[in-house]
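Q: Structure file protein-v9.cif (mmCIF, C-alpha atoms and all ligand atoms) is given on the next line.
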```cif
data_data
loop_
_atom_site.group_PDB
_atom_site.id
_atom_site.type_symbol
_atom_site.label_atom_id
_atom_site.label_comp_id
_atom_site.auth_asym_id
_atom_site.auth_seq_id
_atom_site.Cartn_x
_atom_site.Cartn_y
_atom_site.Cartn_z
ATOM 1 C CA MET A 1 20.794 22.175 -13.470
ATOM 2 C CA MET A 2 17.778 23.004 -15.608
ATOM 3 C CA LEU A 3 14.545 21.292 -14.684
ATOM 4 C CA ARG A 4 12.020 20.549 -17.377
ATOM 5 C CA SER A 5 8.357 19.875 -16.954
ATOM 6 C CA ALA A 6 8.033 16.247 -16.127
ATOM 7 C CA HIS A 7 5.961 13.924 -14.029
ATOM 8 C CA LEU A 8 6.347 10.463 -12.679
ATOM 9 C CA PRO A 9 4.641 7.939 -14.927
ATOM 10 C CA LEU A 10 1.650 7.227 -12.727
ATOM 11 C CA GLY A 11 -0.374 4.604 -14.484
ATOM 12 C CA PHE A 12 2.419 2.133 -15.179
ATOM 13 C CA VAL A 13 4.970 0.427 -13.008
ATOM 14 C CA VAL A 14 8.224 0.090 -14.879
ATOM 15 C CA SER A 15 10.419 -1.597 -12.344
ATOM 16 C CA PRO A 16 10.943 -5.341 -12.449
ATOM 17 C CA LEU A 17 8.165 -7.557 -11.204
ATOM 18 C CA LEU A 18 9.485 -10.171 -8.864
ATOM 19 C CA ARG A 19 7.815 -13.235 -7.506
ATOM 20 C CA CYS A 20 6.944 -13.160 -3.858
ATOM 21 C CA ASN A 21 7.275 -16.451 -2.033
ATOM 22 C CA THR A 22 3.722 -16.124 -0.746
ATOM 23 C CA ARG A 23 2.466 -16.225 -4.366
ATOM 24 C CA LEU A 24 -0.082 -13.596 -3.397
ATOM 25 C CA CYS A 25 1.519 -10.663 -5.011
ATOM 26 C CA SER A 26 3.876 -9.043 -7.402
ATOM 27 C CA LEU A 27 6.361 -6.623 -5.992
ATOM 28 C CA VAL A 28 9.189 -4.262 -6.679
ATOM 29 C CA SER A 29 11.880 -3.375 -4.198
ATOM 30 C CA LEU A 30 14.132 -0.372 -3.891
ATOM 31 C CA PRO A 31 17.120 0.053 -1.612
ATOM 32 C CA ALA A 32 16.053 2.015 1.440
ATOM 33 C CA ILE A 33 18.461 4.791 0.537
ATOM 34 C CA ALA A 34 18.999 4.544 -3.192
ATOM 35 C CA PRO A 35 21.285 6.966 -5.015
ATOM 36 C CA LEU A 36 19.177 8.258 -7.876
ATOM 37 C CA SER A 37 20.938 8.897 -11.132
ATOM 38 C CA GLN A 38 19.539 11.752 -13.166
ATOM 39 C CA THR A 39 18.507 10.543 -16.571
ATOM 40 C CA ASP A 40 16.141 11.479 -19.334
ATOM 41 C CA SER A 41 15.977 8.028 -20.831
ATOM 42 C CA ALA A 42 13.677 5.182 -19.887
ATOM 43 C CA ALA A 43 15.393 4.233 -16.666
ATOM 44 C CA VAL A 44 14.326 0.766 -15.668
ATOM 45 C CA CYS A 45 16.892 -0.477 -13.185
ATOM 46 C CA PRO A 46 15.764 -0.437 -9.557
ATOM 47 C CA GLN A 47 18.063 2.436 -8.639
ATOM 48 C CA LYS A 48 16.556 4.854 -11.169
ATOM 49 C CA LEU A 49 13.280 6.588 -11.771
ATOM 50 C CA LEU A 50 11.553 7.110 -15.077
ATOM 51 C CA LEU A 51 10.452 10.652 -15.904
ATOM 52 C CA CYS A 52 7.961 11.411 -18.651
ATOM 53 C CA THR A 53 6.673 14.548 -20.254
ATOM 54 C CA PRO A 54 2.914 14.895 -19.740
ATOM 55 C CA CYS A 55 0.719 13.167 -22.283
ATOM 56 C CA PRO A 56 -2.337 15.121 -23.425
ATOM 57 C CA ARG A 57 -4.468 11.982 -23.166
ATOM 58 C CA SER A 58 -3.355 11.331 -19.624
ATOM 59 C CA ARG A 59 -6.065 11.386 -16.994
ATOM 60 C CA GLY A 60 -3.619 13.150 -14.726
ATOM 61 C CA VAL A 61 -1.706 12.118 -11.680
ATOM 62 C CA PHE A 62 -4.706 10.405 -10.134
ATOM 63 C CA GLY A 63 -5.077 7.883 -12.946
ATOM 64 C CA ALA A 64 -5.311 4.249 -11.963
ATOM 65 C CA PHE A 65 -2.179 2.159 -11.462
ATOM 66 C CA ARG A 66 -1.724 -0.736 -13.810
ATOM 67 C CA MET A 67 1.081 -3.230 -13.601
ATOM 68 C CA SER A 68 3.205 -3.083 -16.708
ATOM 69 C CA SER A 69 3.364 -6.213 -18.812
ATOM 70 C CA GLY A 70 5.729 -4.675 -21.322
ATOM 71 C CA GLY A 71 9.209 -5.928 -21.970
ATOM 72 C CA ARG A 72 11.192 -2.862 -20.994
ATOM 73 C CA ASP A 73 12.808 -4.297 -17.916
ATOM 74 C CA SER A 74 16.534 -4.852 -18.045
ATOM 75 C CA SER A 75 17.117 -6.551 -14.724
ATOM 76 C CA PRO A 76 18.793 -9.909 -15.327
ATOM 77 C CA ASP A 77 16.726 -11.733 -12.731
ATOM 78 C CA VAL A 78 13.483 -10.790 -14.422
ATOM 79 C CA GLY A 79 14.078 -12.916 -17.482
ATOM 80 C CA ALA A 80 14.168 -16.065 -15.381
ATOM 81 C CA ALA A 81 10.948 -15.371 -13.550
ATOM 82 C CA PRO A 82 7.651 -15.626 -15.435
ATOM 83 C CA ARG A 83 5.601 -12.515 -15.060
ATOM 84 C CA PRO A 84 2.533 -13.021 -12.926
ATOM 85 C CA ALA A 85 -0.770 -12.573 -14.694
ATOM 86 C CA VAL A 86 -2.499 -9.443 -13.494
ATOM 87 C CA ALA A 87 -6.231 -9.793 -13.150
ATOM 88 C CA PRO A 88 -8.334 -6.907 -14.427
ATOM 89 C CA PRO A 89 -9.975 -4.849 -11.709
ATOM 90 C CA ALA A 90 -13.123 -6.507 -10.438
ATOM 91 C CA PHE A 91 -16.330 -4.662 -11.277
ATOM 92 C CA GLN A 92 -17.762 -3.068 -8.211
ATOM 93 C CA LYS A 93 -21.156 -1.407 -8.190
ATOM 94 C CA PRO A 94 -21.102 2.100 -6.788
ATOM 95 C CA LYS A 95 -22.222 1.987 -3.163
ATOM 96 C CA ILE A 96 -23.334 5.595 -2.850
ATOM 97 C CA CYS A 97 -27.136 5.616 -2.920
ATOM 98 C CA PHE A 98 -27.823 9.232 -2.003
ATOM 99 C CA CYS A 99 -26.169 12.430 -3.157
ATOM 100 C CA HIS A 100 -23.652 13.873 -0.716
ATOM 101 C CA SER A 101 -24.542 17.385 -1.874
ATOM 102 C CA CYS A 102 -28.339 17.479 -2.018
ATOM 103 C CA GLY A 103 -29.479 14.164 -0.502
ATOM 104 C CA ASN A 104 -31.482 12.981 -3.499
ATOM 105 C CA PRO A 105 -31.146 9.399 -4.782
ATOM 106 C CA THR A 106 -28.372 8.539 -7.188
ATOM 107 C CA LYS A 107 -28.576 6.392 -10.292
ATOM 108 C CA GLN A 108 -25.874 4.154 -11.661
ATOM 109 C CA VAL A 109 -24.827 5.305 -15.097
ATOM 110 C CA VAL A 110 -21.716 5.761 -17.186
ATOM 111 C CA PRO A 111 -21.239 9.538 -17.359
ATOM 112 C CA GLU A 112 -20.535 11.033 -20.771
ATOM 113 C CA GLY A 113 -16.867 10.807 -21.633
ATOM 114 C CA GLU A 114 -16.150 8.179 -18.983
ATOM 115 C CA GLU A 115 -15.847 4.412 -19.040
ATOM 116 C CA LYS A 116 -17.077 3.283 -15.654
ATOM 117 C CA ILE A 117 -20.416 3.162 -13.937
ATOM 118 C CA ARG A 118 -20.724 5.922 -11.360
ATOM 119 C CA ALA A 119 -23.317 6.970 -8.836
ATOM 120 C CA VAL A 120 -24.805 10.137 -10.349
ATOM 121 C CA CYS A 121 -27.319 12.315 -8.531
ATOM 122 C CA THR A 122 -30.758 12.232 -10.146
ATOM 123 C CA ALA A 123 -31.392 15.835 -9.060
ATOM 124 C CA CYS A 124 -28.202 17.887 -9.246
ATOM 125 C CA GLY A 125 -26.154 15.614 -11.518
ATOM 126 C CA LYS A 126 -23.172 15.401 -9.183
ATOM 127 C CA ILE A 127 -20.915 12.462 -10.043
ATOM 128 C CA HIS A 128 -19.739 10.598 -6.958
ATOM 129 C CA TYR A 129 -16.300 9.063 -7.416
ATOM 130 C CA GLU A 130 -15.270 6.245 -5.095
ATOM 131 C CA ASN A 131 -11.567 5.931 -4.472
ATOM 132 C CA PRO A 132 -9.425 3.433 -2.550
ATOM 133 C CA LYS A 133 -8.906 3.804 1.184
ATOM 134 C CA MET A 134 -5.433 4.355 2.557
ATOM 135 C CA VAL A 135 -4.398 2.125 5.449
ATOM 136 C CA VAL A 136 -1.297 3.109 7.423
ATOM 137 C CA GLY A 137 0.575 1.207 10.079
ATOM 138 C CA CYS A 138 3.846 0.539 11.857
ATOM 139 C CA LEU A 139 6.279 -2.312 11.935
ATOM 140 C CA VAL A 140 7.683 -1.502 15.383
ATOM 141 C CA GLU A 141 11.154 -2.912 16.039
ATOM 142 C CA HIS A 142 12.487 -3.425 19.560
ATOM 143 C CA ASN A 143 15.559 -5.472 20.471
ATOM 144 C CA GLY A 144 15.244 -7.668 17.391
ATOM 145 C CA LYS A 145 11.524 -8.212 17.925
ATOM 146 C CA VAL A 146 8.408 -6.760 16.311
ATOM 147 C CA LEU A 147 5.257 -5.514 17.999
ATOM 148 C CA LEU A 148 1.996 -7.268 17.151
ATOM 149 C CA CYS A 149 -1.546 -6.653 18.380
ATOM 150 C CA LYS A 150 -4.279 -9.277 18.779
ATOM 151 C CA ARG A 151 -7.483 -7.816 17.353
ATOM 152 C CA LYS A 152 -10.434 -7.193 19.647
ATOM 153 C CA ILE A 153 -12.679 -6.172 16.734
ATOM 154 C CA GLU A 154 -13.962 -7.693 13.540
ATOM 155 C CA PRO A 155 -12.849 -8.477 10.951
ATOM 156 C CA SER A 156 -10.329 -11.061 12.071
ATOM 157 C CA TYR A 157 -11.183 -10.908 15.780
ATOM 158 C CA GLY A 158 -8.538 -12.743 17.808
ATOM 159 C CA LEU A 159 -5.896 -12.718 15.096
ATOM 160 C CA TRP A 160 -2.581 -10.880 15.230
ATOM 161 C CA THR A 161 -1.732 -7.835 13.177
ATOM 162 C CA LEU A 162 0.625 -4.931 12.942
ATOM 163 C CA PRO A 163 -0.908 -1.799 14.455
ATOM 164 C CA ALA A 164 -2.594 -0.162 11.457
ATOM 165 C CA GLY A 165 -5.784 1.558 10.414
ATOM 166 C CA PHE A 166 -7.383 4.031 8.054
ATOM 167 C CA LEU A 167 -5.639 7.316 7.430
ATOM 168 C CA GLU A 168 -7.629 10.316 8.643
ATOM 169 C CA ILE A 169 -8.151 13.577 6.789
ATOM 170 C CA GLY A 170 -5.592 16.149 7.912
ATOM 171 C CA GLU A 171 -2.754 13.813 8.848
ATOM 172 C CA SER A 172 0.221 12.523 6.930
ATOM 173 C CA ALA A 173 0.661 8.800 6.391
ATOM 174 C CA ALA A 174 3.455 8.752 8.986
ATOM 175 C CA GLU A 175 1.336 10.647 11.500
ATOM 176 C CA GLY A 176 -1.538 8.272 10.920
ATOM 177 C CA ALA A 177 0.676 5.228 11.389
ATOM 178 C CA ALA A 178 2.007 6.590 14.680
ATOM 179 C CA ARG A 179 -1.535 7.446 15.823
ATOM 180 C CA GLU A 180 -2.809 3.967 15.039
ATOM 181 C CA THR A 181 0.093 2.479 17.009
ATOM 182 C CA LEU A 182 -0.734 4.695 19.963
ATOM 183 C CA GLU A 183 -4.426 3.751 19.754
ATOM 184 C CA GLU A 184 -3.973 0.010 19.325
ATOM 185 C CA ALA A 185 -0.861 -0.594 21.451
ATOM 186 C CA CYS A 186 -0.619 2.550 23.638
ATOM 187 C CA ALA A 187 2.907 2.816 22.262
ATOM 188 C CA GLU A 188 4.620 6.057 21.367
ATOM 189 C CA VAL A 189 6.828 5.477 18.355
ATOM 190 C CA GLU A 190 9.351 7.295 16.236
ATOM 191 C CA ILE A 191 8.885 6.667 12.542
ATOM 192 C CA LEU A 192 12.134 5.459 10.963
ATOM 193 C CA SER A 193 11.348 4.960 7.274
ATOM 194 C CA PRO A 194 8.646 3.744 4.928
ATOM 195 C CA PHE A 195 8.992 -0.013 4.539
ATOM 196 C CA ALA A 196 6.276 -1.140 2.157
ATOM 197 C CA GLN A 197 3.361 0.007 0.080
ATOM 198 C CA LEU A 198 0.864 -2.729 -0.642
ATOM 199 C CA ASP A 199 -2.010 -2.133 -3.029
ATOM 200 C CA ILE A 200 -5.029 -4.437 -2.801
ATOM 201 C CA PRO A 201 -7.180 -3.376 -5.770
ATOM 202 C CA CYS A 202 -9.811 -6.077 -5.255
ATOM 203 C CA ILE A 203 -10.913 -4.468 -1.981
ATOM 204 C CA GLY A 204 -9.950 -0.885 -2.804
ATOM 205 C CA GLN A 205 -7.250 -0.488 -0.169
ATOM 206 C CA SER A 206 -3.645 0.638 -0.230
ATOM 207 C CA TYR A 207 -1.344 0.072 2.740
ATOM 208 C CA ILE A 208 1.725 2.036 3.722
ATOM 209 C CA ILE A 209 3.729 0.368 6.479
ATOM 210 C CA PHE A 210 6.513 2.258 8.230
ATOM 211 C CA ARG A 211 9.406 0.916 10.247
ATOM 212 C CA ALA A 212 9.309 2.503 13.669
ATOM 213 C CA ARG A 213 10.908 2.227 17.088
ATOM 214 C CA LEU A 214 9.491 2.579 20.570
ATOM 215 C CA LYS A 215 10.234 5.944 22.173
ATOM 216 C CA THR A 216 9.865 4.217 25.541
ATOM 217 C CA PRO A 217 9.624 0.480 26.190
ATOM 218 C CA HIS A 218 5.979 0.836 27.204
ATOM 219 C CA PHE A 219 3.025 -0.717 25.381
ATOM 220 C CA GLU A 220 -0.282 -2.248 26.379
ATOM 221 C CA PRO A 221 -3.519 -3.171 24.607
ATOM 222 C CA GLY A 222 -5.650 -0.270 23.465
ATOM 223 C CA PRO A 223 -9.454 -0.462 23.166
ATOM 224 C CA GLU A 224 -9.256 -2.372 19.854
ATOM 225 C CA SER A 225 -6.687 -4.931 21.029
ATOM 226 C CA LEU A 226 -6.974 -8.014 23.229
ATOM 227 C CA GLU A 227 -3.239 -8.268 23.709
ATOM 228 C CA CYS A 228 0.008 -6.715 22.496
ATOM 229 C CA ALA A 229 3.348 -8.469 22.455
ATOM 230 C CA LEU A 230 6.840 -8.387 21.025
ATOM 231 C CA PHE A 231 7.711 -11.377 18.849
ATOM 232 C CA SER A 232 11.113 -12.492 17.686
ATOM 233 C CA LEU A 233 11.144 -13.185 13.952
ATOM 234 C CA GLU A 234 11.103 -16.934 14.647
ATOM 235 C CA GLU A 235 8.080 -16.583 16.914
ATOM 236 C CA ILE A 236 5.797 -14.615 14.579
ATOM 237 C CA PRO A 237 2.476 -16.521 14.507
ATOM 238 C CA PHE A 238 2.034 -16.756 10.737
ATOM 239 C CA ASP A 239 -0.886 -19.155 11.195
ATOM 240 C CA SER A 240 -2.742 -16.543 13.230
ATOM 241 C CA LEU A 241 -2.145 -13.341 11.302
ATOM 242 C CA ALA A 242 -5.173 -11.267 10.388
ATOM 243 C CA PHE A 243 -4.566 -10.093 6.830
ATOM 244 C CA SER A 244 -2.642 -11.053 3.710
ATOM 245 C CA SER A 245 -1.026 -7.613 3.748
ATOM 246 C CA ILE A 246 0.456 -8.305 7.170
ATOM 247 C CA ILE A 247 1.720 -11.738 6.125
ATOM 248 C CA VAL A 248 3.394 -10.276 3.045
ATOM 249 C CA THR A 249 4.912 -7.382 4.998
ATOM 250 C CA LEU A 250 6.374 -9.588 7.710
ATOM 251 C CA LYS A 251 7.766 -12.116 5.217
ATOM 252 C CA MET A 252 9.489 -9.337 3.291
ATOM 253 C CA TYR A 253 10.832 -7.918 6.552
ATOM 254 C CA ILE A 254 12.238 -11.272 7.653
ATOM 255 C CA GLU A 255 13.922 -11.734 4.265
ATOM 256 C CA ASP A 256 15.450 -8.253 4.504
ATOM 257 C CA ILE A 257 16.722 -8.828 8.029
ATOM 258 C CA LYS A 258 18.247 -12.169 7.033
ATOM 259 C CA SER A 259 19.965 -10.606 4.034
ATOM 260 C CA GLY A 260 21.084 -7.576 6.049
ATOM 261 C CA ASN A 261 19.566 -5.306 3.409
ATOM 262 C CA LEU A 262 16.435 -3.421 4.415
ATOM 263 C CA LYS A 263 14.669 -2.122 1.321
ATOM 264 C CA PHE A 264 11.486 -0.314 0.417
ATOM 265 C CA HIS A 265 8.960 -2.667 -1.142
ATOM 266 C CA TYR A 266 6.074 -1.960 -3.480
ATOM 267 C CA CYS A 267 3.625 -4.784 -3.763
ATOM 268 C CA THR A 268 0.267 -5.512 -5.356
ATOM 269 C CA ILE A 269 -1.803 -8.170 -3.620
ATOM 270 C CA ASN A 270 -4.348 -9.816 -5.894
ATOM 271 C CA LYS A 271 -6.134 -11.717 -3.199
ATOM 272 C CA ARG A 272 -8.029 -10.612 -0.158
HETATM 273 ZN ZN ZN A 301 -27.402 15.965 -5.745
#
```
Now that the file is in, can you turn its structure into structure tokens?
Ligand SMILES: [Zn+2]
A:
Amino acid sequence: MMLRSAHLPLGFVVSPLLRCNTRLCSLVSLPAIAPLSQTDSAAVCPQKLLLCTPCPRSRGVFGAFRMSSGGRDSSPDVGAAPRPAVAPPAFQKPKICFCHSCGNPTKQVVPEGEEKIRAVCTACGKIHYENPKMVVGCLVEHNGKVLLCKRKIEPSYGLWTLPAGFLEIGESAAEGAARETLEEACAEVEILSPFAQLDIPCIGQSYIIFRARLKTPHFEPGPESLECALFSLEEIPFDSLAFSSIIVTLKMYIEDIKSGNLKFHYCTINKR
């Protein structure tokens, strides 16, 4: 097999956009273990990936994601569902006031050759780029129940959430998710598979939630939790969940369990 230079088409999502019953998001779903067919053409069915040769105008693999509004999808269920409107990214003023390199004040300008306002050092000229934060967490399964933690910290003090938090430098997403579960629920877990990625552009966060199982049946509240408990799917307190990302994740999980088909979900949430 000869491999040619190619990259995944970061910048556009080409899989079908489906309506989520929460109406918060647009999502794509892949089978958890999908056989991938090798193809050079524009593969748009959920079981295939699209490969592209690099474009000289591309900003590279770290370019921003945009939801595709093109008509290249071939999935029959897409034609019946109107595509959700995708709001443009909200303008956010750079928050960096002082240079991370030399400590002098920054100014907010559009650097030459760029399109967005950046915080640029008034002394050394360093451009400070602000990128989304990665949040990682676990959907811990145990005897048909899922582990939730009641938050002891703001925001959303007193509300229930999956154990999750910001990814640290030097750890993988899976390691970070297991660490957060240990910190918030004192639970040692084995990561089973990625379950969902949820982008929330309006607050600059991207979640990766993993399915996991308890290594031992022990858990108790960590310093950031008031309480930890296992909930059957019927008992999940949807009225007392902390974040839209957790609501969306648990609703997708319940649908997958009911259908007997656990998938990987990609989801953009356009609401905090
Ligand atoms: Zn500087």
Q: Could you give me the residues within 7 Å of ligand ZN 301 (chain A), counting only C-alpha atoms and all ligand atoms, as a list in words?
A: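 Protein and nucleic-acid residues within 7 Å of ligand ZN 301 (chain A): Cys99, His100, Ser101, Cys102, Gly103, Asn104, Cys121, Thr122, Ala123, Cys124, Gly125 and Lys126 of chain A.
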Q: Could you tell me which residues the PyMOL selection byres (((chain A and resi 132) around 10) and not hetatm) returns for this structure, as a PyMOL selection string?
A: chain A and resi 130-131+133-135+199-206
Q: Report as a ChimeraX atom specification the residues that result from applying the PyMOL selection byres (((chain A and resi 180) around 8) and not hetatm) to the structure here.
A: /A:136-137,163-165,176-179,181-184
Q: Tell me which of A:Val146, A:Leu262, A:Ile153, A:Ala242 sits closest to Ser193 of chain A, counting only C-alpha atoms.
A: A:Leu262
Q: Which residues, named as in the file, does the PyMOL selection byres (((chain A and resi 225) around 6) and not hetatm) pick out? Answer as a ChimeraX atom specification.
A: /A:150-152,184,221-224,226-227
Q: Now that the selection is made, can you save its residues with C-alpha atoms as a PDB file, keeping the file's coordinate frame?
A:
```
ATOM      1  CA  LYS A 150      -4.279  -9.277  18.779  1.00  0.00           C
ATOM      2  CA  ARG A 151      -7.483  -7.816  17.353  1.00  0.00           C
ATOM      3  CA  LYS A 152     -10.434  -7.193  19.647  1.00  0.00           C
ATOM      4  CA  GLU A 184      -3.973   0.010  19.325  1.00  0.00           C
ATOM      5  CA  PRO A 221      -3.519  -3.171  24.607  1.00  0.00           C
ATOM      6  CA  GLY A 222      -5.650  -0.270  23.465  1.00  0.00           C
ATOM      7  CA  PRO A 223      -9.454  -0.462  23.166  1.00  0.00           C
ATOM      8  CA  GLU A 224      -9.256  -2.372  19.854  1.00  0.00           C
ATOM      9  CA  LEU A 226      -6.974  -8.014  23.229  1.00  0.00           C
ATOM     10  CA  GLU A 227      -3.239  -8.268  23.709  1.00  0.00           C
TER      11      GLU A 227
END
```
Q: Return the single residue from A:Gly144, A:Pro105, A:Pro194, A:Pro217 that is closest to Lys258 of chain A, with distances computed using only C-alpha atoms.
A: A:Gly144
Q: Would you mind reading off the distance between atom CA of Glu114 of chain A and atom CA of Lys95 of chain A, one decimal, in Å?
A: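 Between atom CA of Glu114 of chain A and atom CA of Lys95 of chain A the gap is 18.0 Å.
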Q: Of the candidates A:Ile269, A:Ile236, A:Leu241, A:Ala187, which shows the shortest atom-to-atom distance to Ile254 of chain A, using all atoms listed in the file?
A: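 Selected residue with least distance to Ile254 of chain A: A:Ile236.
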Q: Between atom CA of Cys267 of chain A and atom CA of Leu198 of chain A, what is the distance in Å, rounded to a tenth?
A: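 These two atoms are separated by 4.6 Å.
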Q: Any idea what the distance is between atom CA of His265 of chain A and atom CA of Ile209 of chain A?
A: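 Distance reported for this atom pair: 9.7 Å.
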Q: Which one is closest to Phe219 of chain A: A:Ala185, A:Ala119, A:Leu192, A:Leu250? Count only C-alpha atoms.
A: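 The shortest atom-to-atom distance to Phe219 of chain A comes from A:Ala185.
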